[in-house]
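Below is the file data_25.pdb, which contains PDB, C-alpha atoms, pLDDT in the B column.
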ATOM      1  CA  MET A   1     -25.527   6.240 -11.898  1.00 72.00           C
ATOM      2  CA  PRO A   2     -23.570   9.375 -12.891  1.00 85.00           C
ATOM      3  CA  ARG A   3     -23.256  10.206  -9.197  1.00 90.00           C
ATOM      4  CA  ILE A   4     -21.385   6.978  -8.515  1.00 88.00           C
ATOM      5  CA  LEU A   5     -19.068   7.590 -11.461  1.00 86.00           C
ATOM      6  CA  THR A   6     -18.284  11.057 -10.125  1.00 87.00           C
ATOM      7  CA  ARG A   7     -17.455   9.630  -6.702  1.00 83.00           C
ATOM      8  CA  LEU A   8     -15.243   6.938  -8.233  1.00 79.00           C
ATOM      9  CA  ARG A   9     -13.340   9.502 -10.276  1.00 82.00           C
ATOM     10  CA  LYS A  10     -12.734  11.573  -7.141  1.00 78.00           C
ATOM     11  CA  LEU A  11     -11.416   8.536  -5.284  1.00 73.00           C
ATOM     12  CA  GLU A  12      -9.168   7.523  -8.162  1.00 72.00           C
ATOM     13  CA  ALA A  13      -7.727  11.027  -8.293  1.00 72.00           C
ATOM     14  CA  GLN A  14      -6.600  10.931  -4.660  1.00 70.00           C
ATOM     15  CA  PRO A  15      -2.852  10.264  -4.618  1.00 81.00           C
ATOM     16  CA  THR A  16      -2.689   9.370  -0.909  1.00 81.00           C
ATOM     17  CA  ASP A  17      -4.240   6.770   1.365  1.00 82.00           C
ATOM     18  CA  ARG A  18      -5.472   7.040   4.975  1.00 80.00           C
ATOM     19  CA  SER A  19      -1.926   7.615   6.191  1.00 85.00           C
ATOM     20  CA  GLY A  20      -1.638  10.771   4.093  1.00 84.00           C
ATOM     21  CA  LEU A  21       1.245   9.194   2.162  1.00 87.00           C
ATOM     22  CA  MET A  22       1.427   8.097  -1.455  1.00 85.00           C
ATOM     23  CA  PRO A  23       1.087   4.304  -1.695  1.00 85.00           C
ATOM     24  CA  HIS A  24       4.071   2.188  -2.733  1.00 82.00           C
ATOM     25  CA  THR A  25       6.741   4.670  -1.647  1.00 84.00           C
ATOM     26  CA  LYS A  26       9.403   4.104   1.006  1.00 87.00           C
ATOM     27  CA  PRO A  27       7.805   6.509   3.547  1.00 90.00           C
ATOM     28  CA  TRP A  28       4.468   4.751   3.014  1.00 89.00           C
ATOM     29  CA  LEU A  29       6.038   1.328   3.641  1.00 88.00           C
ATOM     30  CA  ASP A  30       7.901   2.707   6.679  1.00 90.00           C
ATOM     31  CA  TYR A  31       4.593   4.027   8.042  1.00 91.00           C
ATOM     32  CA  TRP A  32       2.652   0.776   7.624  1.00 90.00           C
ATOM     33  CA  SER A  33       5.333  -1.806   8.509  1.00 89.00           C
ATOM     34  CA  PRO A  34       5.326  -1.187  12.288  1.00 89.00           C
ATOM     35  CA  ARG A  35       1.523  -1.089  12.323  1.00 89.00           C
ATOM     36  CA  ILE A  36       1.367  -4.479  10.641  1.00 87.00           C
ATOM     37  CA  ASP A  37       3.977  -5.828  13.083  1.00 88.00           C
ATOM     38  CA  ASN A  38       1.832  -4.574  15.970  1.00 89.00           C
ATOM     39  CA  LEU A  39      -1.256  -6.204  14.450  1.00 87.00           C
ATOM     40  CA  ILE A  40       0.576  -9.518  14.128  1.00 86.00           C
ATOM     41  CA  ALA A  41       1.695  -9.163  17.769  1.00 90.00           C
ATOM     42  CA  GLY A  42      -1.978  -8.919  18.750  1.00 92.00           C
ATOM     43  CA  GLU A  43      -2.228  -5.194  19.429  1.00 92.00           C
ATOM     44  CA  PRO A  44      -5.344  -3.316  18.277  1.00 89.00           C
ATOM     45  CA  LEU A  45      -5.116  -1.009  15.275  1.00 84.00           C
ATOM     46  CA  ASP A  46      -5.904   2.682  15.439  1.00 82.00           C
ATOM     47  CA  GLN A  47      -7.174   2.750  11.834  1.00 83.00           C
ATOM     48  CA  LYS A  48      -8.232   0.504   8.965  1.00 86.00           C
ATOM     49  CA  ILE A  49      -5.579  -1.016   6.741  1.00 87.00           C
ATOM     50  CA  PRO A  50      -5.848  -0.064   3.057  1.00 87.00           C
ATOM     51  CA  PHE A  51      -6.032  -2.793   0.409  1.00 86.00           C
ATOM     52  CA  GLU A  52      -2.713  -1.635  -1.028  1.00 86.00           C
ATOM     53  CA  VAL A  53      -0.986  -2.584   2.226  1.00 87.00           C
ATOM     54  CA  ILE A  54      -2.551  -6.049   2.260  1.00 85.00           C
ATOM     55  CA  ASP A  55      -1.652  -6.537  -1.401  1.00 85.00           C
ATOM     56  CA  THR A  56       1.949  -5.537  -0.690  1.00 84.00           C
ATOM     57  CA  LEU A  57       2.111  -8.025   2.205  1.00 82.00           C
ATOM     58  CA  ILE A  58       0.660 -10.854   0.161  1.00 83.00           C
ATOM     59  CA  HIS A  59       2.987 -10.356  -2.788  1.00 79.00           C
ATOM     60  CA  GLY A  60       6.053  -9.255  -0.857  1.00 73.00           C
ATOM     61  CA  ALA A  61       7.867  -6.011  -1.509  1.00 64.00           C
ATOM     62  CA  GLY A  62      11.317  -4.645  -2.114  1.00 52.00           C
ATOM     63  CA  ILE A  63      12.572  -1.107  -2.383  1.00 45.00           C
ATOM     64  CA  ASP A  64      13.491  -0.025  -5.870  1.00 46.00           C
ATOM     65  CA  GLY A  65      16.649   2.102  -5.914  1.00 41.00           C
ATOM     66  CA  TYR A  66      15.060   4.567  -8.345  1.00 39.00           C
ATOM     67  CA  GLY A  67      12.814   7.081  -6.618  1.00 42.00           C
ATOM     68  CA  ASP A  68      12.339   4.969  -3.478  1.00 47.00           C
ATOM     69  CA  GLN A  69       9.360   3.232  -5.040  1.00 50.00           C
ATOM     70  CA  VAL A  70       8.208  -0.020  -3.492  1.00 53.00           C
ATOM     71  CA  ARG A  71       8.101  -2.801  -6.064  1.00 55.00           C
ATOM     72  CA  ARG A  72       6.614  -6.249  -5.826  1.00 50.00           C
ATOM     73  CA  TYR A  73       8.950  -9.135  -5.257  1.00 47.00           C
ATOM     74  CA  ASP A  74       9.345 -11.057  -8.496  1.00 48.00           C
ATOM     75  CA  GLU A  75      10.830 -14.528  -8.172  1.00 46.00           C
ATOM     76  CA  ALA A  76      12.134 -14.330 -11.738  1.00 46.00           C
ATOM     77  CA  ASP A  77      14.465 -11.515 -10.618  1.00 52.00           C
ATOM     78  CA  HIS A  78      15.958 -13.695  -7.879  1.00 51.00           C
ATOM     79  CA  GLN A  79      16.317 -17.161  -9.404  1.00 52.00           C
ATOM     80  CA  ALA A  80      19.631 -18.923  -8.949  1.00 49.00           C
ATOM     81  CA  SER A  81      21.746 -19.163 -12.103  1.00 45.00           C
TER
END
Same coordinates, now as structure tokens:
Amino acid sequence: MPRILTRLRKLEAQPTDRSGLMPHTKPWLDYWSPRIDNLIAGEPLDQKIPFEVIDTLIHGAGIDGYGDQVRRYDEADHQAS
């Protein structure tokens, strides 16, 4: 069991995903967006898609003006007055 915990800690400490970019940043979103578009168009992928990308697609995303961080779309932020 300690071996698994060690492996999990190593994975959690990794700041980047398969793309080599930090998840939920503008460069990360710019990297994955065309790959997702190609997948939707029926083209094969050259690599696996990380869960963070799928989660971002499911929940929608916007670019936060502070630090180019990708934030989840929150309907409460965009309700009509």
Next item on the list: May I have the residues within 12 Å of Lys48 (chain A) as a ChimeraX atom specification, using all atoms listed in the file and disregarding those fewer than 2 positions away in the same chain?
Entry: /A:17-19,32,35-36,39,44-46,50-54
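CA of Ser33 (chain A) is positioned 11.1 Å from CA of Ile49 (chain A).
The space separating CA of Arg3 (chain A) from CA of Gly20 (chain A) comes to 25.4 Å.
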Check: What is the distance between CA of Pro34 (chain A) and CA of Lys10 (chain A), in Å to one decimal?
Finding: 29.4 Å
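Using only C-alpha atoms, the shortest contact distance between Gly60 (chain A) and any of A:Leu21, A:Pro15, A:Leu29, A:Asn38 is found at A:Leu29.
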Return as AutoDock Vina command-line options the box centre and box size in Å, one decimal, for an axis-aligned box around all listed atoms of region 20-34 of chain A padded by 4 Å per side.
--center_x 3.9 --center_y 4.5 --center_z 4.8 --size_x 19.0 --size_y 20.6 --size_z 23.0
